[in-house]
Amino acid sequence: MSKITFDFGTSFSQREAEETAKRRGGKEKRLDDDDDDDNDGLSDEGSLSSQSPNSSGDHSSSLSGSGSVSGGSSYSSSVGGHSSSTRGVARALKRTFSEATFKVRVLWFSVVAIMTMAGIFVAQATHSFSSKSQEVNFEQQFNYYANTLADRSYTRFDAVEIKMSTQATANTLNAVEKGEEWPFVVCNTFEQRGQNMLRLSGAESYVTVIFVKEDERDQWETFSQVNQGWVQAGLDRRGETDERALPITGYVHTSDNAERDPGPGPYAPIWQIAPAPVDPLEVNFNLYSDEIFKQSLEFLIREQVPVVTQVLNYLVQHETDDHEEPRSCYMFPIRRTPDAGADIVGSGLNCFKWDAMFKDILHEDAPNGIVLVLSNECGQAYTYTVNHEEVFYIGEGDRHDPAFNEFVVSQSMHIDHGENLEGLCPFQIDIYPSEEFRSVFETNEPFIYTVGVAAVFSLSVFCFLLYGTCVERRQKDNLESTLRVNAIVGSLFPKQVLNRLLAEQGRINKAGGADDSHRDMQAVPTGLVSAAIQVHGREESSIMGTPNIPIADLFPSHVQRFGRFYRLEFGEGADAGVSLLETVYYNFDMIAHKRRVFKVETIGDCYVAVCGLPEPRKHHATVMAKFANDCMEKLNEVVRSLEIELGPDTAELSMRFGLHSGPVTAGVLRGEKSRFQLFGETVDLAAEMEHSGMRNRIHVSQATADLIILSGKDKWIKAREDKVYDEKKGDLQTYWVNIHVDTDGSVQSRLSSYMSSGHSSSGESMGDSLGDDFDMAQFGQMIQIQGLNQMNDKTVRLVDWMTELMSRSLKKIVAMRADEGEEVSSMFSALHMDEGTVLDEVKEIIKLPGKAKMYKNDPESVVLDEKVQKQLKDYVQRIASMYREVPFHGFEHASHVTMSVGKLLSRIVDTQGIDFKAMSYKNDDFQVLHETTYGITSDPLTQFALAFSALIHDVDHTGVPNATLVQEKASLAELYNNKSVAEQNSVDLAWDMFLEPQYGDLQRCICPSQEDYQRFRQLVVNTVMATDIVDKELGALRKERWLHAFDDEITDEDPLDTVNRKATIVIEHLMQASDVAHTMQHWHVYQKWNERFFQECYMAFKEGRAEKDPSIGWYKGEIGFFDFYVIPLAKKLKDCGVFGVSSDEYLTYAQKNRDEWERKGEYLVAEYLTRYEEKYGVGYDCQLLDEYQVEMNGDDEYSVEMKGDEKM
């Protein structure tokens, strides 16, 4: 329960006000200004929107707390305003600290700036030196490798001339030895000599070209055909015996198509080729027909020196493109005789690829990325990359990086032919580095050295700053500690009390010889600390002969208010309670700040405040009444806004408000944990006003009512019919305060005033509250409309809450689901219920996941498809509409069961053990939780099925038990073989609607596969069927299954089946406990639902559908229900070890409720009958009003007289 206490304002006489004003420095004018009737509580210090409720001020401040309170005679203040002296001390300290800090920081920053600049300079110098060293190394290494490559390439190129000279001489000698005359010469060993030549030079082919004159052409053509055997001989020498050479072209031709050269001569046909070709098409090709060869041959004959042709890729029968590696031919003259001056009769052609000149020159340790550009004076250029021993052709053109032009190393690649180079294209190679080559020498050493230097300087700066920061932090901590003490003292005590504490400490400081000139800056903060410690114990000695004087005042008149929550309980646990109290108290603090009400304290669910103390207020009673009314309205607003988060019963929470005015003593008791406290009889009477009040009503004493009437608000006051008994005062006349009094007297406005003030739930008669002139006929029409709208509003709120609860489970299902799943677009219609009844589908074991699965995503980050959300809400709304308007088994009961299911699941489903960023378990606790709860915690589908079952378990319940339906031979009873009639009907109705095509997206979201569908169906069937607790046969079967699962475990059963057996029976008992959860919750919750069930049963009796009057055995029946079902069920929840502290909580509540019922049950049954007769058996007035009350509030307000003044 929660209690709120407010102090009631104090009224002062004129002389008292003048004396108080003098003590406070002359503020009479302000008091007069503040006490205006219409603007009470609206101070000129700031509005609610401009100041936070925790801000300090002259009139109010706020704190929140929790605890409990009993009706004692004193209350301590947890909030008070800072005095001007305290704020002055704080300002002086902050100013001095800021000035000193500024000077020190200037020095620090100067030193840091110098050290930083020095560090930057040294770091840059280090980096520059290291980088330069790398650059020098890079240049040296490149020059070495480039020169090596250039020199050896030229040496290899020059060596070809020697090899060619040797081969040409061999051809000449062969002809001389055989006595053959040129051009009619053939070398029988040409293949062998040619292969040797190719191996030594690295060329692709070696060719002999014969010079034939015009008159020798016919003879040559005949000679070439007769002596073409060298082709086959060459193939045979290479071992290609299976290949037969094709015939050569027997005439001199000019193209690949072997077109006969029309002449005139001379001719330069190709003769012998090594390696010998299979298809000797090139034989007898006239090189004079090619312009490039013609120029080269003419230069060779004219100058009688070797010649290198420009790039001629078409020699190998390839189209020249960017990726064809360049080739050239080295041409060497063949002479008629070995004499140097002999005639040139032919030429040897050594055709080679240029990359052969550059391969295998650099060793394998050489860096990659040397770029070589081959070019000639005919404009041809080709680019290579030399990596170690390998050479890679890049493409045609000069493709080196121009950024490295300055590093070029060049080498000529042509024979020295003198100055006459007409018809030739001398070659040259240019060698460059590349970024790849440079990167080999670019290490992170400059960075490391630079970072090292910077780190040394940075560490020095850091140590210097750290030292300075530590010194400043220590000084700041000392300042903050002093300021906190100053603030705490200022908040614990009202301004006047704090001033007196400071004045007393000032006398102590003077007695100790403190320097007055430094008091504001140093002595006063120390005094504040001393003052805060001083009040913990009163000293026996005296200072300068003056003993310590008690700090206390008598306030002759004030108003104190107590406010307490009515029947405070939370379905979501202790966290929900704290969340609600924090939210409500924060809003109350805002209102108190606005109306300048002094908040004394909050203890648990009790809120205590005072008006007229410590500052006098003329209309303090009126202000406090307005404050109480504002709090009541704000509470109703807050609980409705939190209903979806905290549960459907949150909106039904309310408070009692009690006000009393009178004298009180307020002061500081110097003892352990001393605080500002209130003492006196006024405190007790204010607490009694709250204790004897009613929910959503402001209950005031005679003294407070008189003050409100004196303020001209007599319309607010209405005398209470019954007297309030007080042990000290006896019977007291008290009053209700209703601020919402409408001046036009309309039915609408008076009805709104009646409902907002809480009269509708107070038990007070409608006629007394609304007046004798109230139009009851018009009220009858209006109350039906408004009651219907309000009922619809509550149903909508319940639907929203249940939709949100089920959406959370759906998000978990989606978050854990694998990416792929079986398509189920037609599965639901195909897998409809088999022949037979729902009861036939009940299984002893339902298979749950064997291991704890990992979430694929964080459930909180999952966004459900909009179609799924709409379909889920529509389904819940339709289910709600299918519940009948019966007192107990209605949609509100289904909501209460769902809330209980959610509460039990929340106690065992722990997502704190999951690291959603890494999608892994933080530790082994989650797997342990999975095992100890038999897989329920790690299966979101099971959790959703439980909520789904709670939603549908009483759909279309008629308000009579199954036995009645069977006795009446209802069609449903026959359909379901007289077994679990209502439960099976609920499943069939809800399931048939669930399978409708319009919920296709929802179906696929819940059950993406056939296996999921079957498990979901099985869970729903078993869970709903478990709510039939009357059927003895089913009860015996469940008892036997429990024994098999937990007591007499089957030894030869598969371990997984054993776990699933336990999970199945635990799920069923969880549903059973939730179905009767009201018996294991707070006493007032049990009363509420017990009376509704009684009304339902009694209504069936009155309608002739029940033979026995339930009121006769209701009292003893409830005791038996506790003894033989509820308490054993609670013990089973504890024994299974799944639900932790919740099982202890349920068992404790069940035992307490049983004992309370045994003590008060007979009186309550009589009260049930009385209220039933008033609701259904008396006149139109009371019946209609009570219907409106039940529909609007969902709760009944009543009290039972027992043994003196004891109330329920």
# chains A, B, ... in the order shown; residues from 1 in each chain; ligands from 1
$ select_by_dssp --residues "region 795-1029 of chain A" --states "alpha helix (DSSP H)" --output "PyMOL selection string"
chain A and resi 795-816+827-830+866-882+891-908+925-932+940-952+962-967+971-975+981-994+1000-1006+1010-1025
$ residues_around --residues "Phe948 (chain A)" --least-positions-apart "4" --cutoff "9 Å" --atoms "only C-alpha atoms" --output "PDB file with N, CA, C and O atoms, in the first residue's frame"
ATOM      1  N   MET A 806       2.342  -9.965 -26.306  1.00  0.00           N
ATOM      2  CA  MET A 806       2.536 -11.045 -27.266  1.00  0.00           C
ATOM      3  C   MET A 806       3.516 -10.640 -28.360  1.00  0.00           C
ATOM      4  O   MET A 806       4.233 -11.483 -28.911  1.00  0.00           O
ATOM      5  N   THR A 898      -3.188 -13.760 -18.277  1.00  0.00           N
ATOM      6  CA  THR A 898      -2.046 -13.479 -19.156  1.00  0.00           C
ATOM      7  C   THR A 898      -0.967 -12.725 -18.397  1.00  0.00           C
ATOM      8  O   THR A 898       0.226 -12.987 -18.557  1.00  0.00           O
ATOM      9  N   GLN A 943       6.917 -19.802 -24.903  1.00  0.00           N
ATOM     10  CA  GLN A 943       6.474 -18.632 -24.144  1.00  0.00           C
ATOM     11  C   GLN A 943       5.295 -17.940 -24.835  1.00  0.00           C
ATOM     12  O   GLN A 943       4.339 -17.512 -24.190  1.00  0.00           O
ATOM     13  N   PHE A 944       5.359 -17.849 -26.170  1.00  0.00           N
ATOM     14  CA  PHE A 944       4.236 -17.245 -26.901  1.00  0.00           C
ATOM     15  C   PHE A 944       2.992 -18.113 -26.783  1.00  0.00           C
ATOM     16  O   PHE A 944       1.876 -17.607 -26.633  1.00  0.00           O
ATOM     17  N   ILE A 952      -6.965 -17.125 -24.828  1.00  0.00           N
ATOM     18  CA  ILE A 952      -8.147 -17.784 -25.410  1.00  0.00           C
ATOM     19  C   ILE A 952      -8.817 -18.765 -24.464  1.00  0.00           C
ATOM     20  O   ILE A 952      -9.869 -19.301 -24.801  1.00  0.00           O
ATOM     21  N   HIS A 953      -8.280 -19.008 -23.273  1.00  0.00           N
ATOM     22  CA  HIS A 953      -8.688 -20.193 -22.517  1.00  0.00           C
ATOM     23  C   HIS A 953     -10.141 -20.167 -22.038  1.00  0.00           C
ATOM     24  O   HIS A 953     -10.697 -21.210 -21.723  1.00  0.00           O
ATOM     25  N   VAL A1020      -0.717 -25.343 -27.092  1.00  0.00           N
ATOM     26  CA  VAL A1020      -1.982 -24.665 -26.816  1.00  0.00           C
ATOM     27  C   VAL A1020      -3.006 -25.659 -26.273  1.00  0.00           C
ATOM     28  O   VAL A1020      -3.705 -25.382 -25.288  1.00  0.00           O
TER      29      VAL A1020
END
$ residues_around --residues "region 630-645 of chain A" --least-positions-apart "3" --cutoff "7 Å" --atoms "only C-alpha atoms" --output "compact mmCIF listing (two decimals) with all heavy atoms, in the first residue's frame"
# COMPACT_ATOMS: atom_id res chain seq x y z
N VAL A 584 5.33 8.79 -10.27
CA VAL A 584 4.28 9.52 -9.57
C VAL A 584 4.88 10.59 -8.65
O VAL A 584 4.45 11.75 -8.65
CB VAL A 584 3.39 8.54 -8.77
CG1 VAL A 584 2.43 9.30 -7.86
CG2 VAL A 584 2.61 7.65 -9.73
N PHE A 588 4.41 14.62 -8.46
CA PHE A 588 3.96 15.30 -7.25
C PHE A 588 4.94 16.41 -6.85
O PHE A 588 4.52 17.49 -6.43
CB PHE A 588 3.83 14.29 -6.10
CG PHE A 588 2.61 13.39 -6.22
CD1 PHE A 588 1.77 13.46 -7.31
CD2 PHE A 588 2.30 12.48 -5.23
CE1 PHE A 588 0.66 12.65 -7.43
CE2 PHE A 588 1.19 11.66 -5.33
CZ PHE A 588 0.38 11.74 -6.44
N LYS A 626 -6.10 22.23 -3.11
CA LYS A 626 -5.80 22.25 -4.54
C LYS A 626 -4.64 21.31 -4.87
O LYS A 626 -4.64 20.62 -5.90
CB LYS A 626 -5.46 23.67 -4.99
CG LYS A 626 -6.64 24.64 -4.98
CD LYS A 626 -6.18 26.03 -5.42
CE LYS A 626 -7.33 27.01 -5.44
NZ LYS A 626 -6.90 28.37 -5.85
N PHE A 627 -3.66 21.33 -4.00
CA PHE A 627 -2.51 20.45 -4.21
C PHE A 627 -2.95 18.99 -4.21
O PHE A 627 -2.54 18.19 -5.06
CB PHE A 627 -1.47 20.72 -3.14
CG PHE A 627 -0.27 19.81 -3.19
CD1 PHE A 627 0.37 19.56 -4.39
CD2 PHE A 627 0.22 19.21 -2.04
CE1 PHE A 627 1.48 18.74 -4.45
CE2 PHE A 627 1.32 18.39 -2.09
CZ PHE A 627 1.96 18.15 -3.30
N PRO A 648 -2.29 -4.45 -16.90
CA PRO A 648 -3.64 -3.90 -17.06
C PRO A 648 -4.27 -3.37 -15.79
O PRO A 648 -5.21 -2.59 -15.85
CB PRO A 648 -4.43 -5.10 -17.61
CG PRO A 648 -3.66 -6.30 -17.16
CD PRO A 648 -2.23 -5.89 -17.16
N THR A 650 -2.82 -1.48 -13.61
CA THR A 650 -2.16 -0.25 -13.17
C THR A 650 -3.13 0.92 -13.17
O THR A 650 -3.10 1.77 -12.28
CB THR A 650 -0.96 0.06 -14.08
OG1 THR A 650 -0.10 -1.07 -14.12
CG2 THR A 650 -0.19 1.26 -13.56
N ALA A 651 -3.99 0.98 -14.20
CA ALA A 651 -4.92 2.12 -14.31
C ALA A 651 -5.94 2.15 -13.19
O ALA A 651 -6.61 3.17 -12.98
CB ALA A 651 -5.64 2.08 -15.66
N ASN A 696 -9.52 7.94 -4.03
CA ASN A 696 -9.85 9.05 -4.93
C ASN A 696 -10.72 10.11 -4.26
O ASN A 696 -11.52 10.78 -4.92
CB ASN A 696 -10.55 8.55 -6.20
CG ASN A 696 -9.56 7.94 -7.18
OD1 ASN A 696 -8.39 8.31 -7.19
ND2 ASN A 696 -10.02 6.99 -7.97
N ASP A 800 -4.57 -3.51 -26.11
CA ASP A 800 -3.25 -2.93 -26.43
C ASP A 800 -2.16 -3.58 -25.58
O ASP A 800 -1.07 -3.88 -26.07
CB ASP A 800 -3.27 -1.41 -26.20
CG ASP A 800 -4.10 -0.69 -27.24
OD1 ASP A 800 -4.36 -1.28 -28.30
OD2 ASP A 800 -4.51 0.46 -26.98
N TRP A 801 -2.47 -3.75 -24.29
CA TRP A 801 -1.46 -4.34 -23.40
C TRP A 801 -1.14 -5.77 -23.81
O TRP A 801 0.02 -6.16 -23.87
CB TRP A 801 -1.95 -4.29 -21.96
CG TRP A 801 -1.01 -4.98 -21.02
CD1 TRP A 801 0.13 -4.48 -20.49
CD2 TRP A 801 -1.13 -6.32 -20.53
NE1 TRP A 801 0.74 -5.42 -19.68
CE2 TRP A 801 0.00 -6.55 -19.68
CE3 TRP A 801 -2.06 -7.33 -20.71
CZ2 TRP A 801 0.19 -7.76 -19.03
CZ3 TRP A 801 -1.86 -8.55 -20.07
CH2 TRP A 801 -0.75 -8.75 -19.24
$ residues_around --residues "region 957-970 of chain A" --least-positions-apart "3" --cutoff "12 Å" --atoms "only C-alpha atoms" --output "ChimeraX atom specification"
/A:879-880,882-891,893-894,952-954,973-987,989,1027-1032,1092-1101,1103-1108
$ write_last_selection --atoms "C-alpha atoms" --output "JSON list (two decimals), in the first residue's frame"
[["chain", "number", "residue", "atom", "x", "y", "z"],
["A", 879, "ILE", "CA", -11.01, -12.74, -29.19],
["A", 880, "ALA", "CA", -11.96, -10.00, -26.71],
["A", 882, "MET", "CA", -16.01, -13.28, -28.18],
["A", 883, "TYR", "CA", -15.89, -13.19, -24.37],
["A", 884, "ARG", "CA", -19.31, -12.93, -22.78],
["A", 885, "GLU", "CA", -20.34, -10.30, -20.23],
["A", 886, "VAL", "CA", -20.10, -12.55, -17.19],
["A", 887, "PRO", "CA", -18.76, -11.41, -13.81],
["A", 888, "PHE", "CA", -15.75, -13.71, -13.65],
["A", 889, "HIS", "CA", -14.92, -15.64, -16.82],
["A", 890, "GLY", "CA", -14.67, -12.55, -19.01],
["A", 891, "PHE", "CA", -11.96, -10.86, -21.00],
["A", 893, "HIS", "CA", -10.03, -12.43, -16.30],
["A", 894, "ALA", "CA", -8.16, -13.58, -19.41],
["A", 952, "ILE", "CA", -8.15, -17.78, -25.41],
["A", 953, "HIS", "CA", -8.69, -20.19, -22.52],
["A", 954, "ASP", "CA", -12.17, -18.93, -21.54],
["A", 973, "ALA", "CA", -21.65, -31.08, -24.15],
["A", 974, "GLU", "CA", -22.77, -33.71, -26.63],
["A", 975, "LEU", "CA", -20.22, -32.49, -29.19],
["A", 976, "TYR", "CA", -17.38, -32.90, -26.72],
["A", 977, "ASN", "CA", -18.56, -36.11, -25.10],
["A", 978, "ASN", "CA", -19.38, -34.34, -21.81],
["A", 979, "LYS", "CA", -15.69, -33.78, -21.10],
["A", 980, "SER", "CA", -14.02, -30.36, -20.62],
["A", 981, "VAL", "CA", -16.81, -28.77, -22.60],
["A", 982, "ALA", "CA", -15.99, -25.09, -22.10],
["A", 983, "GLU", "CA", -12.24, -25.59, -22.55],
["A", 984, "GLN", "CA", -12.55, -27.57, -25.79],
["A", 985, "ASN", "CA", -15.04, -25.08, -27.15],
["A", 986, "SER", "CA", -12.64, -22.22, -26.41],
["A", 987, "VAL", "CA", -9.79, -23.94, -28.24],
["A", 989, "LEU", "CA", -13.36, -21.27, -31.61],
["A", 1027, "THR", "CA", -7.40, -25.25, -16.83],
["A", 1028, "ASP", "CA", -10.14, -27.85, -16.32],
["A", 1029, "ILE", "CA", -9.40, -28.49, -12.66],
["A", 1030, "VAL", "CA", -12.85, -29.88, -11.80],
["A", 1031, "ASP", "CA", -12.75, -33.06, -13.86],
["A", 1032, "LYS", "CA", -11.54, -35.74, -11.46],
["A", 1092, "ARG", "CA", -16.79, -11.80, -8.98],
["A", 1093, "PHE", "CA", -16.72, -15.58, -9.06],
["A", 1094, "PHE", "CA", -19.32, -15.63, -6.30],
["A", 1095, "GLN", "CA", -21.53, -13.25, -8.29],
["A", 1096, "GLU", "CA", -21.22, -15.49, -11.35],
["A", 1097, "CYS", "CA", -22.16, -18.60, -9.44],
["A", 1098, "TYR", "CA", -24.95, -16.85, -7.53],
["A", 1099, "MET", "CA", -26.33, -15.43, -10.78],
["A", 1100, "ALA", "CA", -26.50, -18.95, -12.22],
["A", 1101, "PHE", "CA", -28.39, -20.05, -9.10],
["A", 1103, "GLU", "CA", -31.42, -17.97, -13.05],
["A", 1104, "GLY", "CA", -32.22, -21.58, -12.12],
["A", 1105, "ARG", "CA", -29.14, -23.05, -13.76],
["A", 1106, "ALA", "CA", -27.66, -24.24, -10.45],
["A", 1107, "GLU", "CA", -29.39, -26.37, -7.86],
["A", 1108, "LYS", "CA", -27.49, -25.24, -4.77]]
$ residues_around --residues "Ala403 (chain A)" --least-positions-apart "2" --cutoff "10 Å" --atoms "only C-alpha atoms" --output "JSON, numbers by chain"
{"A": [400, 401, 405, 406, 407, 432, 433, 434, 435]}
$ select_by_dssp --residues "region 239-366 of chain A" --states "strand (DSSP E)" --output "list of chain:residue names"
A:Ile270, A:Trp271, A:Gln272, A:Ile273, A:Ala274, A:Val307, A:Val308, A:Arg327, A:Ser328, A:Cys329, A:Tyr330, A:Met331, A:Phe332, A:Pro333, A:Ile334, A:Arg335, A:Ile344, A:Val345, A:Gly346, A:Ser347, A:Gly348, A:Leu349, A:Asn350, A:Cys351, A:Phe352, A:Lys353
$ residues_around --residues "Asp343 (chain A)" --least-positions-apart "3" --cutoff "10 Å" --atoms "only C-alpha atoms" --output "PDB file with N, CA and C atoms, in the first residue's frame"
ATOM      1  N   ILE A 301      73.895  -5.914 -97.248  1.00  0.00           N
ATOM      2  CA  ILE A 301      74.733  -6.138 -98.435  1.00  0.00           C
ATOM      3  C   ILE A 301      75.641  -4.939 -98.673  1.00  0.00           C
ATOM      4  N   GLN A 304      77.843  -4.679 -95.422  1.00  0.00           N
ATOM      5  CA  GLN A 304      78.493  -5.948 -95.109  1.00  0.00           C
ATOM      6  C   GLN A 304      78.715  -6.116 -93.588  1.00  0.00           C
ATOM      7  N   PRO A 333      75.469 -11.742 -92.394  1.00  0.00           N
ATOM      8  CA  PRO A 333      75.765 -12.108 -93.796  1.00  0.00           C
ATOM      9  C   PRO A 333      76.448 -13.476 -93.911  1.00  0.00           C
ATOM     10  N   ILE A 334      76.059 -14.230 -94.952  1.00  0.00           N
ATOM     11  CA  ILE A 334      76.710 -15.490 -95.317  1.00  0.00           C
ATOM     12  C   ILE A 334      77.494 -15.240 -96.612  1.00  0.00           C
ATOM     13  N   ARG A 335      78.771 -15.570 -96.576  1.00  0.00           N
ATOM     14  CA  ARG A 335      79.642 -15.285 -97.725  1.00  0.00           C
ATOM     15  C   ARG A 335      79.877 -16.558 -98.567  1.00  0.00           C
ATOM     16  N   ARG A 336      80.304 -16.309 -99.809  1.00  0.00           N
ATOM     17  CA  ARG A 336      80.529 -17.438-100.728  1.00  0.00           C
ATOM     18  C   ARG A 336      81.714 -18.284-100.251  1.00  0.00           C
ATOM     19  N   THR A 337      82.758 -17.612 -99.758  1.00  0.00           N
ATOM     20  CA  THR A 337      83.944 -18.291 -99.239  1.00  0.00           C
ATOM     21  C   THR A 337      84.260 -17.706 -97.883  1.00  0.00           C
ATOM     22  N   PRO A 338      85.116 -18.401 -97.118  1.00  0.00           N
ATOM     23  CA  PRO A 338      85.445 -17.884 -95.792  1.00  0.00           C
ATOM     24  C   PRO A 338      86.226 -16.590 -95.821  1.00  0.00           C
ATOM     25  N   ASP A 339      86.632 -16.130 -96.946  1.00  0.00           N
ATOM     26  CA  ASP A 339      87.405 -14.902 -96.994  1.00  0.00           C
ATOM     27  C   ASP A 339      86.560 -13.726 -96.553  1.00  0.00           C
ATOM     28  N   ALA A 340      87.168 -12.782 -95.867  1.00  0.00           N
ATOM     29  CA  ALA A 340      86.442 -11.625 -95.338  1.00  0.00           C
ATOM     30  C   ALA A 340      85.840 -10.780 -96.437  1.00  0.00           C
ATOM     31  N   GLY A 346      73.956 -14.843 -99.024  1.00  0.00           N
ATOM     32  CA  GLY A 346      72.762 -15.101 -98.210  1.00  0.00           C
ATOM     33  C   GLY A 346      72.858 -14.458 -96.841  1.00  0.00           C
TER      34      GLY A 346
END
$ atom_distance --atom1 "CA of Pro1110 (chain A)" --atom2 "CA of Tyr1172 (chain A)"
12.7 Å
$ atom_distance --atom1 "CA of Tyr1125 (chain A)" --atom2 "CA of Asp939 (chain A)"
28.9 Å
$ closest_atom_pairs --of "region 239-352 of chain A" --to "region 152-164 of chain A" --cutoff "12 Å" --atoms "only C-alpha atoms" --output "CSV"
residue,atom,partner,partner_atom,distance
A:Val305,CA,A:Glu161,CA,10.2
A:Pro306,CA,A:Glu161,CA,7.5
A:Val307,CA,A:Glu161,CA,9.6
A:Val308,CA,A:Glu161,CA,10.2
A:Ser328,CA,A:Phe157,CA,12.0
A:Cys329,CA,A:Val160,CA,11.0
A:Tyr330,CA,A:Glu161,CA,8.1
A:Met331,CA,A:Met164,CA,8.2
A:Phe332,CA,A:Met164,CA,6.3
A:Pro333,CA,A:Met164,CA,9.0
A:Ile334,CA,A:Met164,CA,9.8
A:Ser347,CA,A:Met164,CA,9.9
A:Gly348,CA,A:Met164,CA,7.3
A:Leu349,CA,A:Met164,CA,8.5
A:Asn350,CA,A:Met164,CA,7.6
A:Cys351,CA,A:Val160,CA,11.0
A:Phe352,CA,A:Val160,CA,10.4
$ atom_distance --atom1 "CA of Val252 (chain A)" --atom2 "CA of Ser289 (chain A)"
10.4 Å
$ closest_residue --among "A:Leu287, A:Gly234, A:Thr222, A:Ala146" --to "Leu362 (chain A)" --atoms "only C-alpha atoms"
A:Ala146
